[in-house]
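Accompanying notes for the structure given below.
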Amino acid sequence: MNPLKYHGLVKWYYPNGQLQRIASFESGINVGEEFFYKENGLPESHFLYKNDKKLTIQKWNEQGLPLLENGNGNVSKMDKNNNLLEHEEYNDFVCTERFAVRHPQKDTIYTIMDEEPFYKGGMRELYLHVENSVEYPKKARKAGIEGTVFVMFLIDENGNVVEPRITRGIHPECDAEALNAVVTALDWIPASHKGRRVKSRNVLPVIFRLSQ
């Protein structure tokens, strides 16, 4: 019943036996340094967890060349036609900007920005809306199903909820209730970055818990 918690030094490997990731944990919490490697053995990223903060020490490109200098710099991912797909900006070891470009949709989705989207009234009002909107499905309750449904969605430049979808569900009817709660949460102030409104990606957990 209890989720797995890592403790101590933990290593992950690719199917070919190459080291993929190495990190230290204390009761499931990252502590100290963490390294990621590409499948060909070249380094990918180096993080440091310190004082409840995740610091990005270094990132490397496909050729294994460092991209950051003293925790500052830009990291971009391009497609085969040299079109920008993803971009990150780092200042003093912290990622201050992250976005992905969707060329078919001709838009840009931010995950790290100057000001995150804000639900009018704050998170308390958002969770109150979810609580009032969700009805525990009878079939799920009778089957003893409980857990957390994760809903991913975008807040567009006008504060609208768009493209909601379940990223992790527990039961079709519970998933539908969680999705409806997010879709009907209308009072959003959009995210902003560098003085303009931007489209942002968000995830909301919706908890279904049977009373004891």
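Ligands are numbered from 1 in the order shown, chains are lettered A, B, ... in the order of the structure tokens, and residues start at 1 in each chain.
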Check: Hey, what's within 9 Å of Phe118 in chain A if we count only C-alpha atoms and toss same-chain stuff fewer than 6 positions away? As JSON, numbers by chain, please?
Finding: {"A": [187, 188, 189, 190, 191]}
Take the residues from that selection and write them out as a compact mmCIF listing (two decimals), in the first residue's frame, keeping C-alpha atoms.
# COMPACT_ATOMS: atom_id res chain seq x y z
CA ASP A 187 -11.86 32.44 -13.69
CA TRP A 188 -8.21 32.43 -14.80
CA ILE A 189 -5.80 35.29 -15.27
CA PRO A 190 -3.32 34.15 -17.96
CA ALA A 191 0.41 33.78 -17.43
Item checked: Residue neighbourhood Val198 in chain A, 8 Å, only C-alpha atoms, exclusion window fewer than 2 positions, as a list in words -> Thr108, Ile109, Tyr110, Asp156, Glu157, Pro190, Ala191, Ser192, His193, Arg196 and Ser200 of chain A
Check: Rounded to one decimal in Å, what is the spacing between CA of Phe35 in chain A and CA of Arg21 in chain A?
Finding: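 Rounded to one decimal, the two atoms are 5.6 Å apart.
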Item checked: Nearby residues (only C-alpha atoms) at most 10 Å from Phe150 in chain A, same-chain spacing under 3 positions excluded, as a ChimeraX atom specification -> /A:147,153,165-170,175,178-179,203-207
Selection to disk with N, CA and C atoms, as a short mmCIF file (atom, residue, chain, number, x, y, z; two decimals), in the first residue's frame:
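For reference, result.cif as written:
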data_model
loop_
_atom_site.label_atom_id
_atom_site.label_comp_id
_atom_site.auth_asym_id
_atom_site.auth_seq_id
_atom_site.Cartn_x
_atom_site.Cartn_y
_atom_site.Cartn_z
N GLY A 147 -7.94 7.48 -5.17
CA GLY A 147 -6.63 7.88 -5.67
C GLY A 147 -6.67 9.30 -6.20
N PHE A 153 -3.69 20.70 -18.68
CA PHE A 153 -4.47 21.62 -19.50
C PHE A 153 -3.64 22.87 -19.79
N ARG A 165 -6.68 17.19 -20.69
CA ARG A 165 -6.61 15.74 -20.87
C ARG A 165 -6.10 15.09 -19.60
N ILE A 166 -6.46 13.84 -19.43
CA ILE A 166 -6.02 13.07 -18.27
C ILE A 166 -4.63 12.51 -18.53
N THR A 167 -3.69 12.80 -17.64
CA THR A 167 -2.36 12.22 -17.77
C THR A 167 -2.19 10.99 -16.91
N ARG A 168 -2.97 10.90 -15.83
CA ARG A 168 -2.98 9.68 -15.02
C ARG A 168 -4.35 9.57 -14.36
N GLY A 169 -5.05 8.50 -14.68
CA GLY A 169 -6.39 8.32 -14.16
C GLY A 169 -6.50 7.13 -13.23
N ILE A 170 -7.68 6.96 -12.63
CA ILE A 170 -7.91 5.85 -11.71
C ILE A 170 -9.15 5.04 -12.07
N ASP A 175 -12.24 9.91 -13.75
CA ASP A 175 -11.49 10.74 -14.69
C ASP A 175 -12.39 11.78 -15.33
N ALA A 178 -13.13 14.59 -12.86
CA ALA A 178 -11.97 15.48 -12.70
C ALA A 178 -11.83 16.39 -13.91
N LEU A 179 -12.01 15.83 -15.10
CA LEU A 179 -11.89 16.62 -16.33
C LEU A 179 -12.95 17.72 -16.37
N VAL A 203 -0.88 21.47 -14.58
CA VAL A 203 -1.37 20.16 -14.14
C VAL A 203 -2.09 20.34 -12.80
N LEU A 204 -3.29 19.79 -12.71
CA LEU A 204 -4.07 19.88 -11.47
C LEU A 204 -4.39 18.47 -10.96
N PRO A 205 -4.01 18.15 -9.72
CA PRO A 205 -4.39 16.86 -9.14
C PRO A 205 -5.79 16.95 -8.51
N VAL A 206 -6.61 15.97 -8.80
CA VAL A 206 -7.95 15.89 -8.22
C VAL A 206 -8.04 14.60 -7.42
N ILE A 207 -8.24 14.74 -6.11
CA ILE A 207 -8.15 13.60 -5.19
C ILE A 207 -9.53 13.00 -4.93
#
Margin query: What's around Leu65 in chain A at 12 Å? Count only C-alpha atoms, leave out sequence neighbours fewer than 5 positions away in its own chain, and write the answer as a ChimeraX atom specification.
Written below: /A:42-45,58-60,75
Would you save the residues of that selection, restricted to N, CA and C atoms, as a compact mmCIF listing (two decimals), in the first residue's frame?
# COMPACT_ATOMS: atom_id res chain seq x y z
N LEU A 42 27.57 9.92 -23.20
CA LEU A 42 27.90 11.33 -23.02
C LEU A 42 27.02 11.96 -21.94
N PRO A 43 27.53 12.95 -21.21
CA PRO A 43 26.73 13.59 -20.16
C PRO A 43 25.59 14.41 -20.77
N GLU A 44 24.49 14.51 -20.02
CA GLU A 44 23.33 15.26 -20.49
C GLU A 44 23.03 16.44 -19.58
N SER A 45 22.97 16.21 -18.26
CA SER A 45 22.67 17.29 -17.32
C SER A 45 23.18 16.96 -15.93
N GLN A 58 25.00 22.17 -14.89
CA GLN A 58 25.47 22.14 -16.28
C GLN A 58 24.52 21.32 -17.14
N LYS A 59 24.47 21.68 -18.42
CA LYS A 59 23.80 20.89 -19.45
C LYS A 59 24.75 20.78 -20.64
N TRP A 60 24.65 19.65 -21.35
CA TRP A 60 25.54 19.40 -22.48
C TRP A 60 24.73 19.18 -23.75
N VAL A 75 19.66 27.01 -23.53
CA VAL A 75 19.65 25.64 -24.05
C VAL A 75 18.48 25.52 -25.02
Notebook entry, point to check: Mind checking DSSP for range 45-167 of chain A and telling me the strand (DSSP E) residues as a VMD selection string?
Noted result: chain A and resid 45 to 50 53 to 59 73 to 78 84 to 91 94 to 102 107 to 112 118 to 119 147 to 155 161 to 167
Notebook entry, point to check: Of the candidates A:Asp79, A:Tyr136, A:Phe47, A:Asn61, which one gets nearest to Val94 in chain A if we count only C-alpha atoms?
Noted result: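 Comparing A:Asp79, A:Tyr136, A:Phe47, A:Asn61 against Val94 in chain A, the winner is A:Phe47.
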Check: Using only C-alpha atoms, which of the listed residues (A:Asn51, A:Val182, A:Met78, A:Ser27) sits closest to Leu128 in chain A?
Finding: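 Between A:Asn51, A:Val182, A:Met78, A:Ser27, the residue approaching Leu128 in chain A most closely is A:Val182.
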Next item on the list: Choose the residue, out of A:Ile155, A:Leu84, A:Met123, A:Leu210, that has the smallest atom-to-atom separation from Lys142 in chain A; count only C-alpha atoms.
Entry: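 Of the candidates, the smallest distance to Lys142 in chain A is held by A:Leu210.
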Next item on the list: Excluding Arg209 in chain A and any residue of its chain fewer than 5 positions from it, enumerate the residues within 12 Å of it, using only C-alpha atoms, and give them as a PyMOL selection string.
Entry: chain A and resi 131+134-137+140-141+144-149+170+174
How would the residues just picked look written out with N, CA and C atoms as a PDB file, in the first residue's frame?
ATOM      1  N   GLU A 131     -13.892  20.819  -5.432  1.00  0.00           N
ATOM      2  CA  GLU A 131     -14.637  20.063  -4.422  1.00  0.00           C
ATOM      3  C   GLU A 131     -16.141  20.123  -4.669  1.00  0.00           C
ATOM      4  N   VAL A 134     -17.038  18.090  -8.205  1.00  0.00           N
ATOM      5  CA  VAL A 134     -16.820  16.643  -8.342  1.00  0.00           C
ATOM      6  C   VAL A 134     -17.811  15.860  -7.494  1.00  0.00           C
ATOM      7  N   GLU A 135     -18.439  14.904  -8.133  1.00  0.00           N
ATOM      8  CA  GLU A 135     -19.308  13.952  -7.424  1.00  0.00           C
ATOM      9  C   GLU A 135     -18.677  12.570  -7.526  1.00  0.00           C
ATOM     10  N   TYR A 136     -18.479  11.940  -6.384  1.00  0.00           N
ATOM     11  CA  TYR A 136     -17.829  10.623  -6.371  1.00  0.00           C
ATOM     12  C   TYR A 136     -18.725   9.630  -7.110  1.00  0.00           C
ATOM     13  N   PRO A 137     -18.269   9.044  -8.213  1.00  0.00           N
ATOM     14  CA  PRO A 137     -19.090   8.100  -8.972  1.00  0.00           C
ATOM     15  C   PRO A 137     -19.495   6.898  -8.115  1.00  0.00           C
ATOM     16  N   ALA A 140     -17.422   3.661  -8.746  1.00  0.00           N
ATOM     17  CA  ALA A 140     -16.076   3.719  -8.182  1.00  0.00           C
ATOM     18  C   ALA A 140     -16.127   3.602  -6.662  1.00  0.00           C
ATOM     19  N   ARG A 141     -17.113   4.267  -6.054  1.00  0.00           N
ATOM     20  CA  ARG A 141     -17.234   4.186  -4.593  1.00  0.00           C
ATOM     21  C   ARG A 141     -17.548   2.763  -4.162  1.00  0.00           C
ATOM     22  N   GLY A 144     -14.635   0.547  -4.218  1.00  0.00           N
ATOM     23  CA  GLY A 144     -13.561   0.930  -3.311  1.00  0.00           C
ATOM     24  C   GLY A 144     -12.391   1.609  -4.004  1.00  0.00           C
ATOM     25  N   ILE A 145     -12.651   2.218  -5.141  1.00  0.00           N
ATOM     26  CA  ILE A 145     -11.574   2.878  -5.901  1.00  0.00           C
ATOM     27  C   ILE A 145     -11.332   4.279  -5.373  1.00  0.00           C
ATOM     28  N   GLU A 146     -10.091   4.578  -5.067  1.00  0.00           N
ATOM     29  CA  GLU A 146      -9.703   5.923  -4.661  1.00  0.00           C
ATOM     30  C   GLU A 146      -8.300   6.215  -5.177  1.00  0.00           C
ATOM     31  N   GLY A 147      -7.938   7.484  -5.165  1.00  0.00           N
ATOM     32  CA  GLY A 147      -6.629   7.879  -5.668  1.00  0.00           C
ATOM     33  C   GLY A 147      -6.668   9.298  -6.198  1.00  0.00           C
ATOM     34  N   THR A 148      -5.658   9.641  -6.980  1.00  0.00           N
ATOM     35  CA  THR A 148      -5.530  10.995  -7.505  1.00  0.00           C
ATOM     36  C   THR A 148      -5.510  10.964  -9.025  1.00  0.00           C
ATOM     37  N   VAL A 149      -6.374  11.771  -9.615  1.00  0.00           N
ATOM     38  CA  VAL A 149      -6.425  11.939 -11.065  1.00  0.00           C
ATOM     39  C   VAL A 149      -5.647  13.210 -11.415  1.00  0.00           C
ATOM     40  N   ILE A 170      -7.681   6.964 -12.630  1.00  0.00           N
ATOM     41  CA  ILE A 170      -7.905   5.850 -11.708  1.00  0.00           C
ATOM     42  C   ILE A 170      -9.149   5.042 -12.072  1.00  0.00           C
ATOM     43  N   CYS A 174     -14.360   8.542 -12.608  1.00  0.00           N
ATOM     44  CA  CYS A 174     -13.609   9.506 -11.799  1.00  0.00           C
ATOM     45  C   CYS A 174     -12.839  10.459 -12.705  1.00  0.00           C
TER      46      CYS A 174
END
Next item on the list: One decimal, Å: what's the distance from CA of Leu19 in chain A over to CA of Glu34 in chain A, could you say?
Entry: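 Rounded to one decimal, the two atoms are 12.5 Å apart.
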Next item on the list: Give the answer as one residue: which of A:Arg124, A:Glu116, A:Asn16, A:Tyr6 has the shortest atom-to-atom distance to Asn30 in chain A, using only C-alpha atoms?
Entry: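 Smallest distance to Asn30 in chain A is found for A:Tyr6.
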